[in-house]
Amino acid sequence: MEKNLKSRVTINRLCYKGLDIFSKKGYYQTNLNDILTELKLSKGAFYHHFKSKEDFFIHIVQNLVVQKVYALLIEPLNTQENPLPIIWDSIEKALEPNKSNEMVYGFMLADFLTEFGKRNEEISRYLRDIVQMWEVNLVSLLKKGKTDGHIARHLDCEGVAAYIIASFLGVRTLMSDGNSRQSKYLYLQQLKHYFASLKPQPEFI
C-alpha cells in the first residue's frame, strides 16, 4: 500500500511538471528528451510510469486538467443562488493571470484543443469531454435559473451555454498574445452586458 501511494505521489509530481512543459512549449514541440531532462528522469524510469509521451499527456489531462477545470468552472456552479453572477465570477477567476494562479492559467485548455485538432483524435476526445462536462453543468444551472426567475423563460439554455464556452475559449486564445489584461477587461465587461440581457425584462402594456 505504501509503495502504491509513493508511486501515485511520484506520478502526480511528474504530471505537474509535465503540464508546465507542455503549456510552455506545446505538445508537438516537446520531445521525450525535453521531458526527461526537465523531469530529471532516465528513460527506464519514465517508461516505468508511462507507456509513451502520449500516455503521459493523457495522464496529465485525466489527473490535472480535469481537476483544474472542475475546481474553477464547474464546482462553483453547485449553487442555489442566481446563476449569472456565479458563472461570471468563475470565469473571471479562471482568466486571472497572477503569479499565485500560474499553473491554473498555464494549463491552456483552449491552446490544447487547437493544437490537437484533427491530429490526435484520442487526446482531442479527452479534451472535448472536459468541455462537455462544463457545458452540461452550465445548462443545468441555467435551466434552474429560469425556473427560479433569475433568467428570462424564453431563452435557449443550450445556446447560452455554448456562447459562454466559445467566448471563454476565444478570449483565452487572445490572452496568450501578450495583452492579457486588456483582453480580459474588455471581454468581462461585454460578458456582464450580455448576462444583463438574459435577465427577465419588465413587460410593457
# chains A, B, ... in the order shown; residues from 1 in each chain; ligands from 1
$ residues_around --residues "Gly170 (chain A)" --least-positions-apart "6" --cutoff "10 Å" --atoms "only C-alpha atoms" --output "MDAnalysis selection string"
chainID A and resid 110:111 164 187
$ select_by_dssp --residues "region 2-203 of chain A" --states "alpha helix (DSSP H)" --output "JSON, numbers by chain"
{"A": [2, 3, 4, 5, 6, 7, 8, 9, 10, 11, 12, 13, 14, 15, 16, 17, 18, 19, 20, 21, 22, 23, 24, 25, 32, 33, 34, 35, 36, 37, 38, 39, 43, 44, 45, 46, 47, 48, 49, 53, 54, 55, 56, 57, 58, 59, 60, 66, 67, 68, 69, 83, 84, 85, 86, 87, 88, 89, 90, 91, 92, 93, 94, 102, 103, 104, 105, 106, 109, 110, 111, 112, 113, 114, 115, 116, 121, 122, 123, 124, 125, 126, 127, 128, 129, 130, 131, 132, 133, 134, 135, 136, 137, 138, 139, 140, 141, 142, 143, 144, 145, 146, 147, 157, 158, 159, 160, 161, 162, 163, 164, 165, 166, 167, 168, 169, 170, 171, 172, 173, 174, 175, 180, 181, 182, 183, 184, 185, 186, 187, 188, 189, 190, 191, 192, 193, 194, 195, 196, 197]}
$ atom_distance --atom1 "CA of Leu64 (chain A)" --atom2 "CA of Tyr16 (chain A)"
7.4 Å
$ residues_around --residues "Ala161 (chain A)" --least-positions-apart "4" --cutoff "8 Å" --atoms "only C-alpha atoms" --output "tab-separated table (two decimals) with N, CA and C atoms, in the first residue's frame"
chain	number	residue	atom	x	y	z
A	135	GLU	N	-20.22	22.16	-20.11
A	135	GLU	CA	-21.45	22.55	-20.80
A	135	GLU	C	-22.69	21.96	-20.12
A	138	LEU	N	-23.37	23.84	-16.96
A	138	LEU	CA	-23.88	25.18	-17.26
A	138	LEU	C	-25.36	25.13	-17.63
A	139	VAL	N	-25.70	24.23	-18.54
A	139	VAL	CA	-27.09	24.12	-18.99
A	139	VAL	C	-28.01	23.81	-17.82
A	157	CYS	N	-31.21	27.71	-23.18
A	157	CYS	CA	-30.09	27.49	-22.25
A	157	CYS	C	-28.90	26.82	-22.93
A	165	ILE	N	-19.08	29.22	-23.39
A	165	ILE	CA	-17.88	28.39	-23.56
A	165	ILE	C	-17.04	28.88	-24.73
$ residues_around --residues "Ser90 (chain A)" --least-positions-apart "4" --cutoff "8 Å" --atoms "only C-alpha atoms" --output "list in words"
Leu72, Leu73, Pro76, Ile86 and Ala94 of chain A
$ atom_distance --atom1 "CA of Ala152 (chain A)" --atom2 "CA of Lys199 (chain A)"
5.2 Å
$ residues_around --residues "Val69 (chain A)" --least-positions-apart "5" --cutoff "9 Å" --atoms "only C-alpha atoms" --output "list in words"
Leu64, Ile74, Glu75, Ala94, Val104, Leu109, Ile130, Val131 and Trp134 of chain A
$ closest_residue --among "A:Ile123, A:Leu142, A:Val9, A:Ile91" --to "Glu54 (chain A)" --atoms "only C-alpha atoms"
A:Ile123
$ closest_residue --among "A:Trp88, A:Phe116, A:Phe22, A:Phe50" --to "Gln190 (chain A)" --atoms "only C-alpha atoms"
A:Trp88
$ closest_residue --among "A:Thr10, A:Gln29, A:Thr37, A:Gln80" --to "His150 (chain A)" --atoms "only C-alpha atoms"
A:Gln80
$ residues_around --residues "Asn12 (chain A)" --least-positions-apart "3" --cutoff "10 Å" --atoms "only C-alpha atoms" --output "VMD selection string"
chain A and resid 6 to 9 15 to 18 59 to 60 63 to 64
